[in-house]
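The data block below is upload-v7.tsv; it holds TSV, N, CA and C atoms and all ligand atoms.
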```
chain	number	residue	atom	x	y	z
F	1	MET	N	-65.36	-54.12	-46.52
F	1	MET	CA	-65.06	-54.41	-45.12
F	1	MET	C	-64.97	-55.92	-44.90
F	2	GLU	N	-64.31	-56.27	-43.80
F	2	GLU	CA	-64.23	-57.68	-43.42
F	2	GLU	C	-64.93	-57.87	-42.08
F	3	CYS	N	-65.57	-59.01	-41.92
F	3	CYS	CA	-66.23	-59.33	-40.66
F	3	CYS	C	-65.20	-59.28	-39.53
F	4	ILE	N	-65.54	-58.58	-38.44
F	4	ILE	CA	-64.57	-58.44	-37.36
F	4	ILE	C	-64.41	-59.73	-36.55
F	5	VAL	N	-65.29	-60.70	-36.79
F	5	VAL	CA	-65.16	-61.97	-36.09
F	5	VAL	C	-64.40	-63.00	-36.93
F	6	CYS	N	-64.81	-63.19	-38.17
F	6	CYS	CA	-64.22	-64.28	-38.96
F	6	CYS	C	-63.39	-63.80	-40.15
F	7	GLY	N	-63.43	-62.50	-40.43
F	7	GLY	CA	-62.60	-61.99	-41.53
F	7	GLY	C	-63.17	-62.16	-42.92
F	8	LYS	N	-64.38	-62.74	-43.01
F	8	LYS	CA	-65.03	-62.88	-44.32
F	8	LYS	C	-65.44	-61.51	-44.85
F	9	GLU	N	-65.46	-61.40	-46.15
F	9	GLU	CA	-65.89	-60.15	-46.78
F	9	GLU	C	-67.36	-59.89	-46.42
F	10	THR	N	-67.69	-58.63	-46.05
F	10	THR	CA	-69.07	-58.30	-45.69
F	10	THR	C	-69.73	-57.46	-46.77
F	11	GLU	N	-71.05	-57.37	-46.69
F	11	GLU	CA	-71.79	-56.51	-47.62
F	11	GLU	C	-71.59	-55.07	-47.20
F	12	GLU	N	-71.45	-54.21	-48.14
F	12	GLU	CA	-71.32	-52.77	-47.91
F	12	GLU	C	-70.33	-52.47	-46.77
F	13	GLU	N	-70.79	-51.62	-45.82
F	13	GLU	CA	-69.88	-51.21	-44.75
F	13	GLU	C	-70.19	-51.90	-43.43
F	14	LYS	N	-70.73	-53.10	-43.53
F	14	LYS	CA	-71.11	-53.78	-42.29
F	14	LYS	C	-69.90	-54.34	-41.55
F	15	LYS	N	-70.03	-54.37	-40.20
F	15	LYS	CA	-68.96	-54.87	-39.35
F	15	LYS	C	-68.91	-56.39	-39.33
F	16	TYR	N	-70.09	-57.00	-39.60
F	16	TYR	CA	-70.19	-58.45	-39.52
F	16	TYR	C	-70.64	-59.05	-40.85
F	17	CYS	N	-70.24	-60.27	-41.11
F	17	CYS	CA	-70.75	-61.00	-42.27
F	17	CYS	C	-72.22	-61.34	-42.00
F	18	LYS	N	-72.87	-61.92	-42.98
F	18	LYS	CA	-74.29	-62.25	-42.87
F	18	LYS	C	-74.58	-63.08	-41.61
F	19	TYR	N	-73.80	-64.12	-41.39
F	19	TYR	CA	-74.07	-65.04	-40.29
F	19	TYR	C	-73.81	-64.40	-38.92
F	20	HIS	N	-72.69	-63.74	-38.80
F	20	HIS	CA	-72.39	-63.10	-37.53
F	20	HIS	C	-73.29	-61.89	-37.30
F	21	GLY	N	-73.71	-61.23	-38.36
F	21	GLY	CA	-74.65	-60.11	-38.25
F	21	GLY	C	-75.96	-60.58	-37.65
F	22	GLU	N	-76.46	-61.70	-38.17
F	22	GLU	CA	-77.73	-62.26	-37.65
F	22	GLU	C	-77.57	-62.71	-36.21
F	23	ALA	N	-76.48	-63.36	-35.93
F	23	ALA	CA	-76.23	-63.86	-34.57
F	23	ALA	C	-76.14	-62.68	-33.60
F	24	HIS	N	-75.50	-61.63	-34.02
F	24	HIS	CA	-75.32	-60.44	-33.19
F	24	HIS	C	-76.67	-59.78	-32.90
F	25	SER	N	-77.52	-59.59	-33.92
F	25	SER	CA	-78.84	-58.99	-33.70
F	25	SER	C	-79.67	-59.84	-32.76
F	26	LYS	N	-79.61	-61.16	-32.96
F	26	LYS	CA	-80.40	-62.06	-32.14
F	26	LYS	C	-79.94	-62.00	-30.69
F	27	LEU	N	-78.65	-61.92	-30.51
F	27	LEU	CA	-78.07	-61.85	-29.16
F	27	LEU	C	-78.59	-60.60	-28.43
F	28	TYR	N	-78.62	-59.46	-29.11
F	28	TYR	CA	-79.10	-58.23	-28.50
F	28	TYR	C	-80.60	-58.25	-28.22
F	29	GLU	N	-81.37	-58.78	-29.20
F	29	GLU	CA	-82.82	-58.86	-29.02
F	29	GLU	C	-83.16	-59.75	-27.82
F	30	THR	N	-82.46	-60.88	-27.72
F	30	THR	CA	-82.73	-61.81	-26.63
F	30	THR	C	-82.37	-61.17	-25.29
F	31	TYR	N	-81.31	-60.42	-25.26
F	31	TYR	CA	-80.93	-59.73	-24.01
F	31	TYR	C	-82.03	-58.79	-23.55
F	32	GLU	N	-82.63	-58.04	-24.46
F	32	GLU	CA	-83.74	-57.14	-24.12
F	32	GLU	C	-84.88	-57.91	-23.48
F	33	ARG	N	-85.18	-59.08	-24.03
F	33	ARG	CA	-86.27	-59.91	-23.48
F	33	ARG	C	-85.92	-60.43	-22.10
F	34	TRP	N	-84.71	-60.90	-21.93
F	34	TRP	CA	-84.27	-61.44	-20.63
F	34	TRP	C	-84.33	-60.36	-19.57
F	35	ARG	N	-83.93	-59.19	-19.95
F	35	ARG	CA	-83.84	-58.08	-19.00
F	35	ARG	C	-85.22	-57.64	-18.52
F	36	GLU	N	-86.23	-57.85	-19.37
F	36	GLU	CA	-87.60	-57.52	-18.94
F	36	GLU	C	-88.06	-58.51	-17.88
F	37	ALA	N	-87.58	-59.75	-17.97
F	37	ALA	CA	-88.00	-60.80	-17.05
F	37	ALA	C	-87.28	-60.72	-15.70
F	38	ARG	N	-86.01	-60.34	-15.71
F	38	ARG	CA	-85.24	-60.28	-14.46
F	38	ARG	C	-84.01	-59.41	-14.66
F	39	PRO	N	-83.49	-58.87	-13.56
F	39	PRO	CA	-82.28	-58.05	-13.70
F	39	PRO	C	-81.07	-58.92	-14.02
F	40	ILE	N	-80.43	-58.62	-15.09
F	40	ILE	CA	-79.24	-59.39	-15.47
F	40	ILE	C	-78.30	-58.47	-16.23
F	41	SER	N	-77.05	-58.55	-15.90
F	41	SER	CA	-76.08	-57.69	-16.59
F	41	SER	C	-75.70	-58.31	-17.94
F	42	TRP	N	-75.17	-57.50	-18.79
F	42	TRP	CA	-74.76	-57.94	-20.13
F	42	TRP	C	-73.75	-59.09	-20.01
F	43	LYS	N	-72.82	-58.95	-19.09
F	43	LYS	CA	-71.78	-59.97	-18.90
F	43	LYS	C	-72.37	-61.28	-18.39
F	44	GLU	N	-73.30	-61.18	-17.40
F	44	GLU	CA	-73.96	-62.38	-16.87
F	44	GLU	C	-74.75	-63.09	-17.97
F	45	TYR	N	-75.41	-62.28	-18.74
F	45	TYR	CA	-76.21	-62.80	-19.84
F	45	TYR	C	-75.33	-63.55	-20.83
F	46	LEU	N	-74.22	-62.96	-21.22
F	46	LEU	CA	-73.32	-63.61	-22.18
F	46	LEU	C	-72.79	-64.93	-21.63
F	47	ASP	N	-72.43	-64.92	-20.33
F	47	ASP	CA	-71.96	-66.16	-19.71
F	47	ASP	C	-73.03	-67.26	-19.78
F	48	GLU	N	-74.27	-66.87	-19.44
F	48	GLU	CA	-75.35	-67.86	-19.45
F	48	GLU	C	-75.64	-68.39	-20.83
F	49	VAL	N	-75.69	-67.51	-21.79
F	49	VAL	CA	-75.96	-67.94	-23.17
F	49	VAL	C	-74.86	-68.88	-23.64
F	50	TYR	N	-73.63	-68.53	-23.32
F	50	TYR	CA	-72.48	-69.33	-23.75
F	50	TYR	C	-72.53	-70.74	-23.20
F	51	GLU	N	-73.03	-70.87	-21.95
F	51	GLU	CA	-73.09	-72.18	-21.29
F	51	GLU	C	-74.20	-73.07	-21.83
F	52	ARG	N	-75.16	-72.48	-22.51
F	52	ARG	CA	-76.31	-73.27	-22.99
F	52	ARG	C	-75.93	-74.16	-24.17
F	53	ASP	N	-76.43	-75.41	-24.11
F	53	ASP	CA	-76.13	-76.36	-25.19
F	53	ASP	C	-76.71	-75.92	-26.51
F	54	GLU	N	-77.87	-75.25	-26.46
F	54	GLU	CA	-78.54	-74.91	-27.71
F	54	GLU	C	-77.95	-73.67	-28.40
F	55	THR	N	-77.02	-73.01	-27.73
F	55	THR	CA	-76.40	-71.84	-28.35
F	55	THR	C	-75.57	-72.26	-29.56
F	56	GLY	N	-75.82	-71.63	-30.66
F	56	GLY	CA	-75.16	-72.02	-31.91
F	56	GLY	C	-73.74	-71.49	-32.06
F	57	LYS	N	-73.08	-72.03	-33.03
F	57	LYS	CA	-71.69	-71.70	-33.34
F	57	LYS	C	-71.48	-70.21	-33.58
F	58	TRP	N	-72.37	-69.61	-34.36
F	58	TRP	CA	-72.18	-68.20	-34.73
F	58	TRP	C	-72.29	-67.30	-33.51
F	59	VAL	N	-73.27	-67.62	-32.65
F	59	VAL	CA	-73.46	-66.83	-31.44
F	59	VAL	C	-72.26	-66.99	-30.51
F	60	ARG	N	-71.77	-68.20	-30.39
F	60	ARG	CA	-70.58	-68.45	-29.56
F	60	ARG	C	-69.38	-67.63	-30.05
F	61	GLU	N	-69.22	-67.60	-31.34
F	61	GLU	CA	-68.08	-66.85	-31.90
F	61	GLU	C	-68.21	-65.36	-31.63
F	62	ILE	N	-69.46	-64.86	-31.68
F	62	ILE	CA	-69.70	-63.45	-31.36
F	62	ILE	C	-69.33	-63.20	-29.89
F	63	ILE	N	-69.78	-64.09	-29.01
F	63	ILE	CA	-69.50	-63.93	-27.58
F	63	ILE	C	-67.99	-64.00	-27.34
F	64	ASP	N	-67.32	-64.96	-27.96
F	64	ASP	CA	-65.86	-65.05	-27.84
F	64	ASP	C	-65.22	-63.71	-28.20
F	65	HIS	N	-65.73	-63.14	-29.26
F	65	HIS	CA	-65.17	-61.87	-29.74
F	65	HIS	C	-65.43	-60.74	-28.77
F	66	ILE	N	-66.67	-60.67	-28.24
F	66	ILE	CA	-67.02	-59.61	-27.29
F	66	ILE	C	-66.21	-59.73	-26.00
F	67	MET	N	-65.98	-60.96	-25.56
F	67	MET	CA	-65.30	-61.21	-24.28
F	67	MET	C	-63.79	-60.98	-24.34
F	68	GLN	N	-63.26	-60.87	-25.50
F	68	GLN	CA	-61.80	-60.72	-25.63
F	68	GLN	C	-61.25	-59.52	-24.89
I	1	ZN	ZN	-68.28	-63.42	-39.72
```

Conversion result in structure tokens:
Amino acid sequence: MECIVCGKETEEEKKYCKYHGEAHSKLYETYERWREARPISWKEYLDEVYERDETGKWVREIIDHIMQ
């Protein structure tokens, strides 16, 4: 399989390469935490994360892909 974000070869049948896989899991885990603190939609969350300076390249690329 190829990573659906960057096209790199992935391990086994995974949708994402190592880097995007990690970024994707982290993005979902963080959303769960945010949602416990306050009501926020998935879309609002993605917008906020994207705007943050500390958001890394891999996470941004995942968000770009999700927002398409
Ligand atoms: Zn990738």

Distance limit 10 Å, reference ligand ZN 1 (chain I), atoms considered: only C-alpha atoms and all ligand atoms. Which residues make the cut? Give them as a JSON list (two decimals) with N, CA and C atoms, in the coordinates of the input.
```json
[["chain", "number", "residue", "atom", "x", "y", "z"],
["F", 2, "GLU", "N", -64.31, -56.27, -43.80],
["F", 2, "GLU", "CA", -64.23, -57.68, -43.42],
["F", 2, "GLU", "C", -64.93, -57.87, -42.08],
["F", 3, "CYS", "N", -65.57, -59.01, -41.92],
["F", 3, "CYS", "CA", -66.23, -59.33, -40.66],
["F", 3, "CYS", "C", -65.20, -59.28, -39.53],
["F", 4, "ILE", "N", -65.54, -58.58, -38.44],
["F", 4, "ILE", "CA", -64.57, -58.44, -37.36],
["F", 4, "ILE", "C", -64.41, -59.73, -36.55],
["F", 5, "VAL", "N", -65.29, -60.70, -36.79],
["F", 5, "VAL", "CA", -65.16, -61.97, -36.09],
["F", 5, "VAL", "C", -64.40, -63.00, -36.93],
["F", 6, "CYS", "N", -64.81, -63.19, -38.17],
["F", 6, "CYS", "CA", -64.22, -64.28, -38.96],
["F", 6, "CYS", "C", -63.39, -63.80, -40.15],
["F", 7, "GLY", "N", -63.43, -62.50, -40.43],
["F", 7, "GLY", "CA", -62.60, -61.99, -41.53],
["F", 7, "GLY", "C", -63.17, -62.16, -42.92],
["F", 8, "LYS", "N", -64.38, -62.74, -43.01],
["F", 8, "LYS", "CA", -65.03, -62.88, -44.32],
["F", 8, "LYS", "C", -65.44, -61.51, -44.85],
["F", 9, "GLU", "N", -65.46, -61.40, -46.15],
["F", 9, "GLU", "CA", -65.89, -60.15, -46.78],
["F", 9, "GLU", "C", -67.36, -59.89, -46.42],
["F", 10, "THR", "N", -67.69, -58.63, -46.05],
["F", 10, "THR", "CA", -69.07, -58.30, -45.69],
["F", 10, "THR", "C", -69.73, -57.46, -46.77],
["F", 15, "LYS", "N", -70.03, -54.37, -40.20],
["F", 15, "LYS", "CA", -68.96, -54.87, -39.35],
["F", 15, "LYS", "C", -68.91, -56.39, -39.33],
["F", 16, "TYR", "N", -70.09, -57.00, -39.60],
["F", 16, "TYR", "CA", -70.19, -58.45, -39.52],
["F", 16, "TYR", "C", -70.64, -59.05, -40.85],
["F", 17, "CYS", "N", -70.24, -60.27, -41.11],
["F", 17, "CYS", "CA", -70.75, -61.00, -42.27],
["F", 17, "CYS", "C", -72.22, -61.34, -42.00],
["F", 18, "LYS", "N", -72.87, -61.92, -42.98],
["F", 18, "LYS", "CA", -74.29, -62.25, -42.87],
["F", 18, "LYS", "C", -74.58, -63.08, -41.61],
["F", 19, "TYR", "N", -73.80, -64.12, -41.39],
["F", 19, "TYR", "CA", -74.07, -65.04, -40.29],
["F", 19, "TYR", "C", -73.81, -64.40, -38.92],
["F", 20, "HIS", "N", -72.69, -63.74, -38.80],
["F", 20, "HIS", "CA", -72.39, -63.10, -37.53],
["F", 20, "HIS", "C", -73.29, -61.89, -37.30],
["F", 21, "GLY", "N", -73.71, -61.23, -38.36],
["F", 21, "GLY", "CA", -74.65, -60.11, -38.25],
["F", 21, "GLY", "C", -75.96, -60.58, -37.65],
["F", 22, "GLU", "N", -76.46, -61.70, -38.17],
["F", 22, "GLU", "CA", -77.73, -62.26, -37.65],
["F", 22, "GLU", "C", -77.57, -62.71, -36.21],
["F", 23, "ALA", "N", -76.48, -63.36, -35.93],
["F", 23, "ALA", "CA", -76.23, -63.86, -34.57],
["F", 23, "ALA", "C", -76.14, -62.68, -33.60],
["F", 58, "TRP", "N", -72.37, -69.61, -34.36],
["F", 58, "TRP", "CA", -72.18, -68.20, -34.73],
["F", 58, "TRP", "C", -72.29, -67.30, -33.51],
["F", 61, "GLU", "N", -69.22, -67.60, -31.34],
["F", 61, "GLU", "CA", -68.08, -66.85, -31.90],
["F", 61, "GLU", "C", -68.21, -65.36, -31.63],
["F", 62, "ILE", "N", -69.46, -64.86, -31.68],
["F", 62, "ILE", "CA", -69.70, -63.45, -31.36],
["F", 62, "ILE", "C", -69.33, -63.20, -29.89]]
```

Report the residues of chain F whose backbone DSSP state falls under alpha helix (DSSP H), written as a ChimeraX atom specification.
/F:18-37,42-51,57-67

Separation of atom CA of F:Glu36 from atom CA of F:Lys14, in Å and rounded to one decimal:
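One can read the atom CA of F:Glu36 to atom CA of F:Lys14 distance as 28.8 Å.
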
Quick one: residues within 9 Å of F:Asp64, only C-alpha atoms counted, chain neighbours fewer than 4 positions away excluded, as a VMD selection string?
chain F and resid 5 50 59 to 60 68

Draw an axis-aligned box over all listed atoms of stretch 33-49 of chain F, pad each side with 4 Å, and write its centre and edge lengths in Å, one decimal, as lines of an AutoDock Vina configuration file.
```
center_x = -79.9
center_y = -63.2
center_z = -18.8
size_x = 24.3
size_y = 19.4
size_z = 18.5
```

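For the atom pair formed by atom CA of F:Ala37 and atom CA of F:Arg52, the distance is 18.1 Å, given to one decimal.
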
Just so I have it separately, write stretch 14-27 of chain F from the block I sent, keeping N, CA and C atoms, as a PDB file, in the first residue's frame.
```pdb
ATOM      1  N   LYS F  14      -1.332  -0.780   5.823  1.00  0.00           N
ATOM      2  CA  LYS F  14      -1.696   0.486   6.466  1.00  0.00           C
ATOM      3  C   LYS F  14      -1.983   1.574   5.444  1.00  0.00           C
ATOM      4  N   LYS F  15      -2.911   2.485   5.845  1.00  0.00           N
ATOM      5  CA  LYS F  15      -3.304   3.594   4.987  1.00  0.00           C
ATOM      6  C   LYS F  15      -2.276   4.709   4.989  1.00  0.00           C
ATOM      7  N   TYR F  16      -1.509   4.780   6.106  1.00  0.00           N
ATOM      8  CA  TYR F  16      -0.552   5.864   6.263  1.00  0.00           C
ATOM      9  C   TYR F  16       0.859   5.328   6.456  1.00  0.00           C
ATOM     10  N   CYS F  17       1.842   6.101   6.054  1.00  0.00           N
ATOM     11  CA  CYS F  17       3.232   5.765   6.335  1.00  0.00           C
ATOM     12  C   CYS F  17       3.459   5.958   7.840  1.00  0.00           C
ATOM     13  N   LYS F  18       4.636   5.611   8.297  1.00  0.00           N
ATOM     14  CA  LYS F  18       4.968   5.699   9.721  1.00  0.00           C
ATOM     15  C   LYS F  18       4.678   7.097  10.284  1.00  0.00           C
ATOM     16  N   TYR F  19       5.144   8.117   9.593  1.00  0.00           N
ATOM     17  CA  TYR F  19       5.027   9.483  10.105  1.00  0.00           C
ATOM     18  C   TYR F  19       3.579   9.981  10.104  1.00  0.00           C
ATOM     19  N   HIS F  20       2.908   9.768   9.017  1.00  0.00           N
ATOM     20  CA  HIS F  20       1.519  10.213   8.956  1.00  0.00           C
ATOM     21  C   HIS F  20       0.632   9.349   9.845  1.00  0.00           C
ATOM     22  N   GLY F  21       0.979   8.091  10.029  1.00  0.00           N
ATOM     23  CA  GLY F  21       0.243   7.210  10.934  1.00  0.00           C
ATOM     24  C   GLY F  21       0.301   7.739  12.356  1.00  0.00           C
ATOM     25  N   GLU F  22       1.507   8.120  12.770  1.00  0.00           N
ATOM     26  CA  GLU F  22       1.685   8.663  14.132  1.00  0.00           C
ATOM     27  C   GLU F  22       0.952   9.986  14.279  1.00  0.00           C
ATOM     28  N   ALA F  23       1.070  10.821  13.291  1.00  0.00           N
ATOM     29  CA  ALA F  23       0.414  12.130  13.332  1.00  0.00           C
ATOM     30  C   ALA F  23      -1.102  11.952  13.401  1.00  0.00           C
ATOM     31  N   HIS F  24      -1.613  11.011  12.663  1.00  0.00           N
ATOM     32  CA  HIS F  24      -3.044  10.745  12.613  1.00  0.00           C
ATOM     33  C   HIS F  24      -3.545  10.244  13.978  1.00  0.00           C
ATOM     34  N   SER F  25      -2.841   9.290  14.595  1.00  0.00           N
ATOM     35  CA  SER F  25      -3.251   8.790  15.917  1.00  0.00           C
ATOM     36  C   SER F  25      -3.230   9.902  16.941  1.00  0.00           C
ATOM     37  N   LYS F  26      -2.179  10.725  16.881  1.00  0.00           N
ATOM     38  CA  LYS F  26      -2.042  11.804  17.850  1.00  0.00           C
ATOM     39  C   LYS F  26      -3.175  12.812  17.688  1.00  0.00           C
ATOM     40  N   LEU F  27      -3.518  13.086  16.459  1.00  0.00           N
ATOM     41  CA  LEU F  27      -4.601  14.031  16.158  1.00  0.00           C
ATOM     42  C   LEU F  27      -5.919  13.545  16.775  1.00  0.00           C
TER      43      LEU F  27
END
```
